[in-house]
>>> print(open('work06.cif').read())   # mmCIF, C-alpha atoms
data_target
loop_
_atom_site.label_atom_id
_atom_site.label_comp_id
_atom_site.auth_asym_id
_atom_site.auth_seq_id
_atom_site.Cartn_x
_atom_site.Cartn_y
_atom_site.Cartn_z
CA MET A 1020 -24.79 84.87 -8.63
CA ALA A 1021 -24.61 85.22 -4.86
CA LYS A 1022 -24.03 88.29 -2.74
CA VAL A 1023 -21.25 87.88 -0.17
CA VAL A 1024 -21.04 90.53 2.55
CA CYS A 1025 -17.76 90.75 4.45
CA VAL A 1026 -17.35 92.84 7.61
CA LEU A 1027 -13.74 93.74 8.47
CA TYR A 1028 -12.03 96.25 10.73
CA ASP A 1029 -10.80 99.60 9.43
CA ASP A 1030 -7.39 100.14 7.83
CA PRO A 1031 -4.53 101.60 9.89
CA VAL A 1032 -4.93 105.30 10.66
CA ASP A 1033 -1.94 106.07 8.41
CA GLY A 1034 -3.35 104.05 5.53
CA TYR A 1035 -2.95 100.53 4.23
CA PRO A 1036 0.68 99.38 4.59
CA LYS A 1037 3.01 99.80 1.64
CA SER A 1038 5.68 97.67 3.33
CA TYR A 1039 5.98 95.35 6.33
CA ALA A 1040 8.40 94.88 9.22
CA ARG A 1041 9.32 91.38 8.06
CA ASP A 1042 9.68 89.82 4.63
CA GLY A 1043 7.72 86.63 5.21
CA LEU A 1044 6.29 84.05 7.58
CA PRO A 1045 7.64 80.74 8.86
CA THR A 1046 6.18 77.74 7.04
CA LEU A 1047 4.03 75.45 9.18
CA GLY A 1048 3.15 71.95 8.08
CA HIS A 1049 0.20 71.26 10.38
CA TYR A 1050 -1.40 72.21 13.68
CA PRO A 1051 -0.13 70.69 16.95
CA ASP A 1052 -2.84 68.00 16.95
CA GLY A 1053 -1.88 66.90 13.44
CA GLN A 1054 -4.80 68.62 11.68
CA SER A 1055 -3.80 70.12 8.37
CA LEU A 1056 -3.77 73.88 7.86
CA PRO A 1057 -6.38 75.34 5.50
CA THR A 1058 -6.19 73.77 2.05
CA PRO A 1059 -7.85 76.05 -0.50
CA LYS A 1060 -7.20 75.36 -4.18
CA GLY A 1061 -5.49 78.74 -4.39
CA ILE A 1062 -4.90 82.07 -2.67
CA ASP A 1063 -4.63 85.60 -4.06
CA PHE A 1064 -2.50 87.14 -1.34
CA THR A 1065 1.01 87.02 0.04
CA PRO A 1066 1.20 85.52 3.55
CA GLY A 1067 2.25 88.25 5.95
CA GLN A 1068 0.09 90.94 4.38
CA LEU A 1069 -2.60 92.78 6.34
CA LEU A 1070 -5.69 90.85 5.23
CA GLY A 1071 -8.14 91.47 8.07
CA SER A 1072 -8.82 95.15 7.32
CA VAL A 1073 -11.16 96.52 4.66
CA SER A 1074 -8.43 97.02 2.06
CA GLY A 1075 -7.03 93.54 2.66
CA GLU A 1076 -10.46 92.01 1.87
CA LEU A 1077 -9.20 88.62 3.15
CA GLY A 1078 -7.69 88.26 -0.31
CA LEU A 1079 -11.11 87.15 -1.63
CA ARG A 1080 -12.21 89.68 -4.26
CA LYS A 1081 -10.49 88.18 -7.32
CA PHE A 1082 -11.69 84.69 -6.39
CA LEU A 1083 -15.33 85.63 -5.71
CA GLU A 1084 -15.78 88.06 -8.58
CA GLY A 1085 -14.10 85.54 -10.88
CA LEU A 1086 -16.97 83.18 -10.07
CA GLY A 1087 -19.48 85.92 -10.84
CA HIS A 1088 -20.45 86.70 -7.26
CA GLN A 1089 -21.01 90.16 -5.78
CA PHE A 1090 -18.55 90.96 -2.99
CA ILE A 1091 -19.28 93.76 -0.53
CA VAL A 1092 -16.65 94.69 2.08
CA THR A 1093 -17.43 97.16 4.87
CA SER A 1094 -16.47 98.09 8.41
CA ASP A 1095 -19.83 99.79 9.01
CA LYS A 1096 -21.73 97.20 11.05
CA ASP A 1097 -23.53 98.85 13.96
CA GLY A 1098 -26.45 101.20 14.44
CA ALA A 1099 -29.52 102.10 12.42
CA GLY A 1100 -28.83 102.32 8.71
CA SER A 1101 -25.45 100.55 8.84
CA THR A 1102 -24.02 99.21 5.59
CA LEU A 1103 -24.28 95.71 7.03
CA ASP A 1104 -28.03 96.07 7.58
CA LYS A 1105 -28.56 97.46 4.09
CA GLU A 1106 -26.55 94.75 2.34
CA LEU A 1107 -27.54 91.75 4.48
CA VAL A 1108 -31.20 91.75 3.40
CA ASP A 1109 -30.43 89.96 0.12
CA ALA A 1110 -27.07 88.37 0.99
CA GLU A 1111 -26.44 84.63 0.76
CA VAL A 1112 -23.17 84.64 2.71
CA VAL A 1113 -21.90 86.87 5.50
CA ILE A 1114 -18.27 86.85 6.67
CA SER A 1115 -17.14 88.44 9.91
CA GLN A 1116 -14.28 88.33 12.38
CA PRO A 1117 -14.41 88.01 16.17
CA PHE A 1118 -12.23 91.13 16.47
CA TRP A 1119 -14.81 93.42 14.76
CA PRO A 1120 -17.86 91.19 14.96
CA ALA A 1121 -20.88 91.53 12.76
CA TYR A 1122 -23.50 90.63 15.35
CA ILE A 1123 -25.84 88.35 13.44
CA THR A 1124 -28.82 88.62 15.73
CA ALA A 1125 -32.17 86.88 15.40
CA GLU A 1126 -33.59 90.16 14.09
CA ARG A 1127 -30.98 90.39 11.34
CA ILE A 1128 -31.43 86.75 10.40
CA ALA A 1129 -35.19 87.26 10.14
CA LYS A 1130 -34.64 90.16 7.72
CA ALA A 1131 -32.24 88.18 5.51
CA PRO A 1132 -34.31 85.40 3.90
CA LYS A 1133 -31.58 84.47 1.38
CA LEU A 1134 -28.88 84.05 4.05
CA LYS A 1135 -27.52 80.51 4.10
CA LEU A 1136 -23.95 80.71 5.44
CA ALA A 1137 -22.26 82.75 8.17
CA ILE A 1138 -18.48 82.40 8.23
CA THR A 1139 -16.24 83.46 11.09
CA ALA A 1140 -12.80 84.40 9.76
CA GLY A 1141 -11.13 83.24 12.95
CA ILE A 1142 -12.52 81.18 15.82
CA GLY A 1143 -15.44 81.87 18.14
CA SER A 1144 -18.88 82.30 16.58
CA ASP A 1145 -20.84 83.60 19.56
CA HIS A 1146 -21.49 86.87 17.67
CA VAL A 1147 -24.01 84.82 15.69
CA ASP A 1148 -27.26 84.00 17.50
CA LEU A 1149 -26.69 80.26 17.34
CA GLN A 1150 -30.23 79.45 18.41
CA ALA A 1151 -31.64 81.55 15.58
CA ALA A 1152 -29.17 79.92 13.20
CA ILE A 1153 -30.40 76.50 14.31
CA ASP A 1154 -34.04 77.55 13.93
CA HIS A 1155 -33.48 78.98 10.43
CA LYS A 1156 -31.15 76.13 9.34
CA LEU A 1157 -28.37 78.62 8.71
CA THR A 1158 -24.89 77.06 8.44
CA VAL A 1159 -22.30 78.67 10.73
CA ALA A 1160 -18.66 77.82 10.13
CA GLU A 1161 -15.32 79.06 11.45
CA VAL A 1162 -11.65 78.36 10.71
CA THR A 1163 -11.01 76.07 13.67
CA PHE A 1164 -7.46 76.17 15.10
CA CYS A 1165 -6.31 78.94 12.72
CA ASN A 1166 -5.31 81.34 15.49
CA SER A 1167 -5.38 79.17 18.63
CA ILE A 1168 -1.60 79.30 19.10
CA SER A 1169 -1.64 83.05 18.41
CA VAL A 1170 -4.06 83.50 21.31
CA ALA A 1171 -2.12 81.13 23.58
CA GLU A 1172 1.03 83.18 23.04
CA HIS A 1173 -0.93 86.33 23.92
CA VAL A 1174 -2.14 84.72 27.16
CA VAL A 1175 1.42 83.95 28.28
CA MET A 1176 2.48 87.49 27.39
CA MET A 1177 -0.39 88.94 29.45
CA ILE A 1178 0.39 86.75 32.48
CA LEU A 1179 4.01 87.89 32.48
CA ALA A 1180 3.07 91.53 31.85
CA LEU A 1181 0.67 91.59 34.82
CA VAL A 1182 2.72 89.62 37.32
CA ARG A 1183 5.97 91.46 36.50
CA ASN A 1184 4.15 94.85 36.39
CA TYR A 1185 5.55 95.46 32.90
CA LEU A 1186 3.12 98.07 31.55
CA PRO A 1187 3.49 100.63 34.40
CA SER A 1188 7.27 100.10 34.30
CA TYR A 1189 7.34 100.81 30.58
CA GLY A 1190 5.22 103.88 31.29
CA TRP A 1191 7.91 105.33 33.58
CA VAL A 1192 10.44 105.07 30.77
CA VAL A 1193 8.13 106.89 28.36
CA LYS A 1194 7.71 109.62 30.99
CA LYS A 1195 11.54 109.84 31.18
CA GLY A 1196 11.59 108.51 34.74
CA TRP A 1197 13.76 105.95 36.57
CA ASN A 1198 11.25 105.03 39.25
CA ILE A 1199 12.48 101.59 40.25
CA ALA A 1200 10.58 101.40 43.54
CA ASP A 1201 7.31 102.34 41.83
CA CYS A 1202 7.95 99.66 39.21
CA VAL A 1203 8.81 96.79 41.53
CA SER A 1204 6.29 97.51 44.28
CA ARG A 1205 3.76 95.33 42.38
CA SER A 1206 6.24 92.99 40.64
CA TYR A 1207 6.51 89.27 41.46
CA ASP A 1208 7.99 86.09 39.98
CA VAL A 1209 5.72 83.68 38.14
CA GLU A 1210 7.88 80.76 39.28
CA GLY A 1211 6.12 78.60 41.85
CA MET A 1212 2.69 80.15 41.29
CA THR A 1213 -0.44 78.06 40.79
CA VAL A 1214 -2.00 78.71 37.38
CA GLY A 1215 -5.36 77.36 36.23
CA THR A 1216 -7.21 77.46 32.94
CA VAL A 1217 -10.96 77.46 32.50
CA ALA A 1218 -11.16 75.04 29.55
CA ALA A 1219 -8.28 73.06 28.13
CA GLY A 1220 -9.21 72.83 24.48
CA ARG A 1221 -6.92 73.92 21.67
CA ILE A 1222 -6.08 77.27 23.26
CA GLY A 1223 -6.15 76.23 26.92
CA LEU A 1224 -3.96 73.20 26.35
CA ALA A 1225 -1.49 75.28 24.32
CA VAL A 1226 -1.31 77.75 27.24
CA LEU A 1227 -0.59 74.92 29.68
CA ARG A 1228 2.17 73.53 27.47
CA ARG A 1229 3.81 76.96 27.19
CA LEU A 1230 3.64 77.58 30.93
CA LYS A 1231 5.14 74.27 32.05
CA PRO A 1232 8.78 75.45 31.58
CA PHE A 1233 8.10 78.31 34.03
CA ASP A 1234 7.98 75.81 36.91
CA VAL A 1235 4.42 76.64 37.91
CA LYS A 1236 1.73 74.34 39.31
CA LEU A 1237 -0.83 73.71 36.55
CA HIS A 1238 -4.56 73.14 37.08
CA TYR A 1239 -7.54 73.01 34.73
CA THR A 1240 -11.28 72.59 34.58
CA ASP A 1241 -13.21 71.49 31.50
CA ARG A 1242 -16.38 69.60 30.68
CA HIS A 1243 -14.17 67.28 28.61
CA ARG A 1244 -11.37 65.83 30.72
CA LEU A 1245 -7.99 65.47 29.04
CA PRO A 1246 -6.44 62.03 28.48
CA GLU A 1247 -4.54 60.65 31.46
CA SER A 1248 -1.33 60.67 29.41
CA VAL A 1249 -1.58 64.44 28.90
CA GLU A 1250 -2.30 65.04 32.59
CA LYS A 1251 0.81 63.06 33.51
CA GLU A 1252 2.96 64.74 30.84
CA LEU A 1253 2.14 68.23 32.12
CA ASN A 1254 1.54 67.26 35.77
CA LEU A 1255 -1.99 68.68 35.61
CA THR A 1256 -4.58 68.72 38.36
CA PHE A 1257 -8.16 68.39 37.11
CA HIS A 1258 -11.13 70.13 38.77
CA PRO A 1259 -14.68 69.11 37.85
CA LYS A 1260 -15.95 72.54 38.94
CA VAL A 1261 -14.48 75.98 38.34
CA GLU A 1262 -15.11 76.99 41.97
CA SER A 1263 -12.67 74.46 43.39
CA MET A 1264 -9.96 75.57 40.97
CA VAL A 1265 -10.12 79.34 41.29
CA LYS A 1266 -9.84 79.34 45.08
CA ILE A 1267 -6.28 77.94 44.96
CA CYS A 1268 -4.92 79.73 41.89
CA ASP A 1269 -2.62 82.73 41.76
CA VAL A 1270 -3.43 83.15 38.07
CA VAL A 1271 -6.61 82.11 36.25
CA THR A 1272 -6.82 82.21 32.46
CA ILE A 1273 -10.19 81.92 30.69
CA ASN A 1274 -10.11 79.91 27.46
CA CYS A 1275 -13.67 78.66 27.04
CA PRO A 1276 -16.29 79.65 24.43
CA LEU A 1277 -19.11 82.05 25.21
CA HIS A 1278 -22.55 80.45 25.31
CA PRO A 1279 -25.46 80.61 27.79
CA GLU A 1280 -23.68 78.32 30.30
CA THR A 1281 -20.57 80.56 30.48
CA GLU A 1282 -22.15 84.01 30.15
CA HIS A 1283 -21.20 86.09 33.24
CA LEU A 1284 -19.53 83.03 34.78
CA PHE A 1285 -17.05 85.31 36.54
CA ASN A 1286 -19.43 87.38 38.62
CA ASP A 1287 -19.09 88.88 42.11
CA ALA A 1288 -19.64 85.48 43.72
CA LEU A 1289 -16.98 83.61 41.75
CA LEU A 1290 -14.47 86.47 41.88
CA GLY A 1291 -14.99 86.51 45.65
CA LYS A 1292 -13.89 82.86 45.84
CA MET A 1293 -10.55 83.61 44.19
CA LYS A 1294 -7.41 84.17 46.26
CA ARG A 1295 -6.99 87.81 47.22
CA GLY A 1296 -4.42 89.29 44.88
CA ALA A 1297 -4.94 86.76 42.10
CA TYR A 1298 -4.63 87.69 38.44
CA LEU A 1299 -7.35 87.05 35.86
CA ILE A 1300 -6.60 86.72 32.14
CA ASN A 1301 -9.43 86.68 29.61
CA THR A 1302 -8.72 86.21 25.91
CA ALA A 1303 -11.92 84.17 25.42
CA ARG A 1304 -14.93 86.50 25.37
CA GLY A 1305 -15.67 89.62 27.39
CA LYS A 1306 -19.18 88.52 28.31
CA ILE A 1307 -17.84 85.53 30.25
CA CYS A 1308 -17.00 88.13 32.92
CA ASP A 1309 -19.45 90.47 34.59
CA ARG A 1310 -18.12 93.85 33.48
CA ASP A 1311 -18.76 95.79 36.68
CA ALA A 1312 -17.83 92.90 38.97
CA VAL A 1313 -14.32 92.93 37.45
CA VAL A 1314 -14.02 96.66 38.13
CA ARG A 1315 -15.13 96.20 41.73
CA ALA A 1316 -12.66 93.36 42.28
CA LEU A 1317 -9.76 95.47 41.01
CA GLU A 1318 -10.77 98.52 43.02
CA SER A 1319 -11.09 96.48 46.23
CA GLY A 1320 -7.83 94.59 45.72
CA GLN A 1321 -9.54 91.22 45.41
CA LEU A 1322 -7.87 91.01 42.01
CA ALA A 1323 -4.28 92.21 41.66
CA GLY A 1324 -4.72 92.57 37.92
CA TYR A 1325 -6.95 91.84 34.96
CA ALA A 1326 -5.66 91.48 31.41
CA GLY A 1327 -8.20 90.99 28.70
CA ASP A 1328 -8.15 91.00 24.93
CA VAL A 1329 -11.93 90.71 24.63
CA TRP A 1330 -14.78 93.07 25.44
CA PHE A 1331 -18.55 93.19 25.12
CA PRO A 1332 -19.73 94.64 22.90
CA GLN A 1333 -16.99 95.12 20.32
CA PRO A 1334 -15.85 97.72 19.58
CA ALA A 1335 -16.18 98.76 23.21
CA PRO A 1336 -17.81 102.17 23.78
CA GLN A 1337 -15.26 104.81 24.67
CA ASP A 1338 -16.66 105.10 28.20
CA HIS A 1339 -16.38 101.36 28.85
CA PRO A 1340 -15.05 101.07 32.44
CA TRP A 1341 -12.43 98.50 31.48
CA ARG A 1342 -10.54 101.28 29.68
CA THR A 1343 -9.93 103.14 32.95
CA MET A 1344 -10.08 100.56 35.78
CA PRO A 1345 -6.91 100.13 37.86
CA HIS A 1346 -4.21 97.52 37.25
CA HIS A 1347 -5.42 96.34 33.86
CA GLY A 1348 -3.64 95.23 30.71
CA MET A 1349 -6.41 95.44 28.11
CA THR A 1350 -5.85 95.14 24.36
CA PRO A 1351 -8.46 95.69 21.59
CA HIS A 1352 -8.98 92.02 20.61
CA ILE A 1353 -5.78 91.57 18.66
CA SER A 1354 -4.54 88.24 20.04
CA GLY A 1355 -5.88 86.14 17.18
CA SER A 1356 -5.32 88.62 14.37
CA SER A 1357 -1.54 88.66 14.03
CA LEU A 1358 -0.33 88.77 10.44
CA SER A 1359 0.65 85.11 10.89
CA ALA A 1360 -2.89 84.17 11.96
CA GLN A 1361 -4.47 86.26 9.20
CA ALA A 1362 -2.78 84.16 6.52
CA ARG A 1363 -4.39 81.06 8.01
CA TYR A 1364 -7.87 82.43 8.62
CA ALA A 1365 -7.99 84.08 5.19
CA ALA A 1366 -6.99 80.78 3.56
CA GLY A 1367 -9.50 78.92 5.70
CA THR A 1368 -12.29 81.31 4.76
CA ARG A 1369 -11.50 80.69 1.10
CA GLU A 1370 -11.49 76.93 1.69
CA ILE A 1371 -14.98 77.16 3.20
CA LEU A 1372 -16.23 79.28 0.29
CA GLU A 1373 -14.70 76.92 -2.28
CA CYS A 1374 -16.52 74.02 -0.64
CA TYR A 1375 -19.80 75.90 -0.36
CA PHE A 1376 -19.90 77.19 -3.93
CA GLY A 1377 -18.47 73.93 -5.26
CA GLY A 1378 -21.18 71.84 -3.62
CA ARG A 1379 -18.67 69.96 -1.44
CA PRO A 1380 -18.95 69.34 2.31
CA ILE A 1381 -17.27 71.91 4.55
CA ARG A 1382 -14.57 70.41 6.75
CA GLU A 1383 -16.34 68.87 9.77
CA THR A 1384 -14.10 70.58 12.31
CA TYR A 1385 -15.05 73.98 10.83
CA LEU A 1386 -18.77 73.54 11.46
CA ILE A 1387 -20.56 75.21 14.37
CA VAL A 1388 -24.19 74.92 13.21
CA HIS A 1389 -25.36 72.81 10.28
CA GLU A 1390 -28.70 71.35 9.20
CA GLY A 1391 -30.56 72.76 12.18
CA LYS A 1392 -28.26 71.61 14.98
CA LEU A 1393 -24.89 72.17 16.57
CA ALA A 1394 -22.26 70.34 14.56
CA GLY A 1395 -18.51 69.75 14.36
CA ALA A 1396 -16.58 72.02 16.70
CA GLY A 1397 -19.90 73.59 17.74
CA ALA A 1398 -21.28 70.33 19.10
CA HIS A 1399 -18.12 69.86 21.17
CA SER A 1400 -17.78 73.39 22.52
CA TYR A 1401 -21.14 75.20 22.57
CA SER A 1402 -24.61 74.84 23.97
CA ALA A 1403 -27.62 76.02 22.02
CA GLY A 1404 -28.83 79.52 22.78
CA ASN A 1405 -28.11 83.18 22.19
CA ALA A 1406 -25.23 85.25 23.56
CA THR A 1407 -25.71 88.35 21.37
CA ARG A 1408 -28.07 90.24 23.71
CA GLY A 1409 -26.78 93.78 24.29
CA ALA A 1410 -24.71 93.86 21.09
CA GLU A 1411 -26.51 96.97 19.91
CA ASP A 1412 -24.48 98.96 22.43
CA ALA A 1413 -21.52 98.66 20.04
CA ALA A 1414 -23.07 101.53 18.07
CA ARG A 1415 -22.07 103.88 20.88
CA TYR A 1416 -18.41 103.53 19.84
CA LYS A 1417 -19.15 105.58 16.71
CA LYS A 1418 -20.73 108.32 18.82
CA GLY A 1419 -17.75 108.60 21.20
#
>>> encode(input="work06.cif", output="structure tokens")
Amino acid sequence: MAKVVCVLYDDPVDGYPKSYARDGLPTLGHYPDGQSLPTPKGIDFTPGQLLGSVSGELGLRKFLEGLGHQFIVTSDKDGAGSTLDKELVDAEVVISQPFWPAYITAERIAKAPKLKLAITAGIGSDHVDLQAAIDHKLTVAEVTFCNSISVAEHVVMMILALVRNYLPSYGWVVKKGWNIADCVSRSYDVEGMTVGTVAAGRIGLAVLRRLKPFDVKLHYTDRHRLPESVEKELNLTFHPKVESMVKICDVVTINCPLHPETEHLFNDALLGKMKRGAYLINTARGKICDRDAVVRALESGQLAGYAGDVWFPQPAPQDHPWRTMPHHGMTPHISGSSLSAQARYAAGTREILECYFGGRPIRETYLIVHEGKLAGAGAHSYSAGNATRGAEDAARYKKG
């Protein structure tokens, strides 16, 4: 029997839903690159249900307990004496989400000698100390591509919301006003703007494809250049360095993983090279941006707006300056956790568990770390190292 510890976010404040706004989800055959969706032998949930909160349990309890395993689900992950710390010491598998990350630090790994597998129910495994995972031969896996399109849609929404000044305009309606001049004094058209993405992987490329019909000029930078056919199809301009791209862009969207090479990439120096009045969108990871440098850029007018779905740490302490900085459009890391995405990442998590407990190889594209090295999607996207430093500050959210 194995112990499986699963860390999920809390249920809605009004309780777990008894009904839903829609009766089902569209059926998808495969991902845009042709990769098949998760293929578990079975699922014990209805697609469209809330699966990512503690009561949803990713639909895994019946499956795991049916195999004789112990299944612990908690949202208590931070601070001394957390449920995660108590349960992890003899756990074999830990499951977490990027939206409410269980920071699997080197210290936690060292105190969990039975731990063999860390699963990310979603994409982005930087909340695991990948260097420590490599050193301890811990397998790290995630459900690659499960919510990439979900995030790409969120990016486009945020670009439009910032450029068109949507959130303040909506606010005037809520306040029973009709303040047209206040609304439009910061509102522009996206048409004709130059938009660049930092990384053009699954999410970045999906963003570019969705922006092309807006008649914008598209640029990208990535350590893996796209095929010439894709560049011609989307009329893309490639930049080998991020510095040359950001200086000409009206909008920059960050879609790269967090690892030592990208940590605090957007600092005072890089933000200072951007066009005055540019917009910055970050649905990748909060730590790719220097927290206080973003605040300074907004306060000075160097940035016209910042919309982010990601913070560091998560949950963000209640006094985090991104909650109160001017001209922002922050959300609490929801882009990849739509009910549509949850059906895919819950099924993918079960597929990984079925493979692990059945002694079968985990899908190669799901692997981040395996057999003491970066593997699969991890070898393509990450560099070895640790990006979890400072995660302990997440405990301050509970004290707020």
>>> resolve_selection(input="work06.cif", expression="the PyMOL selection byres ((chain A and resi 1326) around 10)", output="compact mmCIF listing (two decimals) with C-alpha atoms, keeping the file's coordinate frame")
# COMPACT_ATOMS: atom_id res chain seq x y z
CA VAL A 1174 -2.14 84.72 27.16
CA MET A 1176 2.48 87.49 27.39
CA MET A 1177 -0.39 88.94 29.45
CA ILE A 1178 0.39 86.75 32.48
CA ALA A 1180 3.07 91.53 31.85
CA LEU A 1181 0.67 91.59 34.82
CA THR A 1272 -6.82 82.21 32.46
CA TYR A 1298 -4.63 87.69 38.44
CA LEU A 1299 -7.35 87.05 35.86
CA ILE A 1300 -6.60 86.72 32.14
CA ASN A 1301 -9.43 86.68 29.61
CA THR A 1302 -8.72 86.21 25.91
CA GLY A 1324 -4.72 92.57 37.92
CA TYR A 1325 -6.95 91.84 34.96
CA GLY A 1327 -8.20 90.99 28.70
CA ASP A 1328 -8.15 91.00 24.93
CA VAL A 1329 -11.93 90.71 24.63
CA TRP A 1341 -12.43 98.50 31.48
CA HIS A 1346 -4.21 97.52 37.25
CA HIS A 1347 -5.42 96.34 33.86
CA GLY A 1348 -3.64 95.23 30.71
CA MET A 1349 -6.41 95.44 28.11
CA THR A 1350 -5.85 95.14 24.36
>>> resolve_selection(input="work06.cif", expression="the PyMOL selection byres ((chain A and resi 1205) around 8)", output="PyMOL selection string")
chain A and resi 1182-1184+1201-1204+1206-1207
>>> resolve_selection(input="work06.cif", expression="the PyMOL selection byres ((chain A and resi 1163) around 9)", output="PyMOL selection string")
chain A and resi 1141-1143+1160-1162+1164-1167+1364+1367+1384-1386+1396
>>> atom_distance(input="work06.cif", atom1="CA of Gly1215 in chain A", atom2="CA of Lys1231 in chain A")
11.7 Å
>>> closest_residue(input="work06.cif", among="A:Pro1259, A:Gly1404, A:Gly1355, A:Gly1395", to="Phe1118 in chain A", atoms="only C-alpha atoms")
A:Gly1355
>>> residues_around(input="work06.cif", residues="Leu1230 in chain A", least_positions_apart="4", cutoff="12 Å", atoms="only C-alpha atoms", output="mmCIF file with C-alpha atoms, keeping the file's coordinate frame")
data_model
loop_
_atom_site.group_PDB
_atom_site.id
_atom_site.type_symbol
_atom_site.label_atom_id
_atom_site.label_comp_id
_atom_site.auth_asym_id
_atom_site.auth_seq_id
_atom_site.Cartn_x
_atom_site.Cartn_y
_atom_site.Cartn_z
ATOM 1 C CA ALA A 1171 -2.120 81.130 23.580
ATOM 2 C CA GLU A 1172 1.030 83.180 23.040
ATOM 3 C CA VAL A 1174 -2.140 84.720 27.160
ATOM 4 C CA VAL A 1175 1.420 83.950 28.280
ATOM 5 C CA MET A 1176 2.480 87.490 27.390
ATOM 6 C CA ILE A 1178 0.390 86.750 32.480
ATOM 7 C CA LEU A 1179 4.010 87.890 32.480
ATOM 8 C CA VAL A 1209 5.720 83.680 38.140
ATOM 9 C CA GLU A 1210 7.880 80.760 39.280
ATOM 10 C CA GLY A 1211 6.120 78.600 41.850
ATOM 11 C CA MET A 1212 2.690 80.150 41.290
ATOM 12 C CA THR A 1213 -0.440 78.060 40.790
ATOM 13 C CA VAL A 1214 -2.000 78.710 37.380
ATOM 14 C CA GLY A 1215 -5.360 77.360 36.230
ATOM 15 C CA THR A 1216 -7.210 77.460 32.940
ATOM 16 C CA GLY A 1223 -6.150 76.230 26.920
ATOM 17 C CA LEU A 1224 -3.960 73.200 26.350
ATOM 18 C CA ALA A 1225 -1.490 75.280 24.320
ATOM 19 C CA VAL A 1226 -1.310 77.750 27.240
ATOM 20 C CA ASP A 1234 7.980 75.810 36.910
ATOM 21 C CA VAL A 1235 4.420 76.640 37.910
ATOM 22 C CA LYS A 1236 1.730 74.340 39.310
ATOM 23 C CA LEU A 1237 -0.830 73.710 36.550
ATOM 24 C CA HIS A 1238 -4.560 73.140 37.080
ATOM 25 C CA LEU A 1253 2.140 68.230 32.120
ATOM 26 C CA ASN A 1254 1.540 67.260 35.770
ATOM 27 C CA LEU A 1255 -1.990 68.680 35.610
ATOM 28 C CA VAL A 1270 -3.430 83.150 38.070
ATOM 29 C CA THR A 1272 -6.820 82.210 32.460
#
>>> closest_residue(input="work06.cif", among="A:Val1147, A:Ile1138, A:Ile1114, A:Leu1284", to="Ile1307 in chain A", atoms="only C-alpha atoms")
A:Leu1284
>>> closest_residue(input="work06.cif", among="A:Ala1398, A:Leu1149, A:Ala1312, A:Met1264", to="Phe1285 in chain A", atoms="all atoms listed in the file")
A:Ala1312
>>> atom_distance(input="work06.cif", atom1="CA of Lys1392 in chain A", atom2="CA of Ile1153 in chain A")
5.4 Å
>>> closest_residue(input="work06.cif", among="A:Lys1096, A:Arg1229, A:Arg1369, A:His1278", to="Asn1405 in chain A", atoms="all atoms listed in the file")
A:His1278
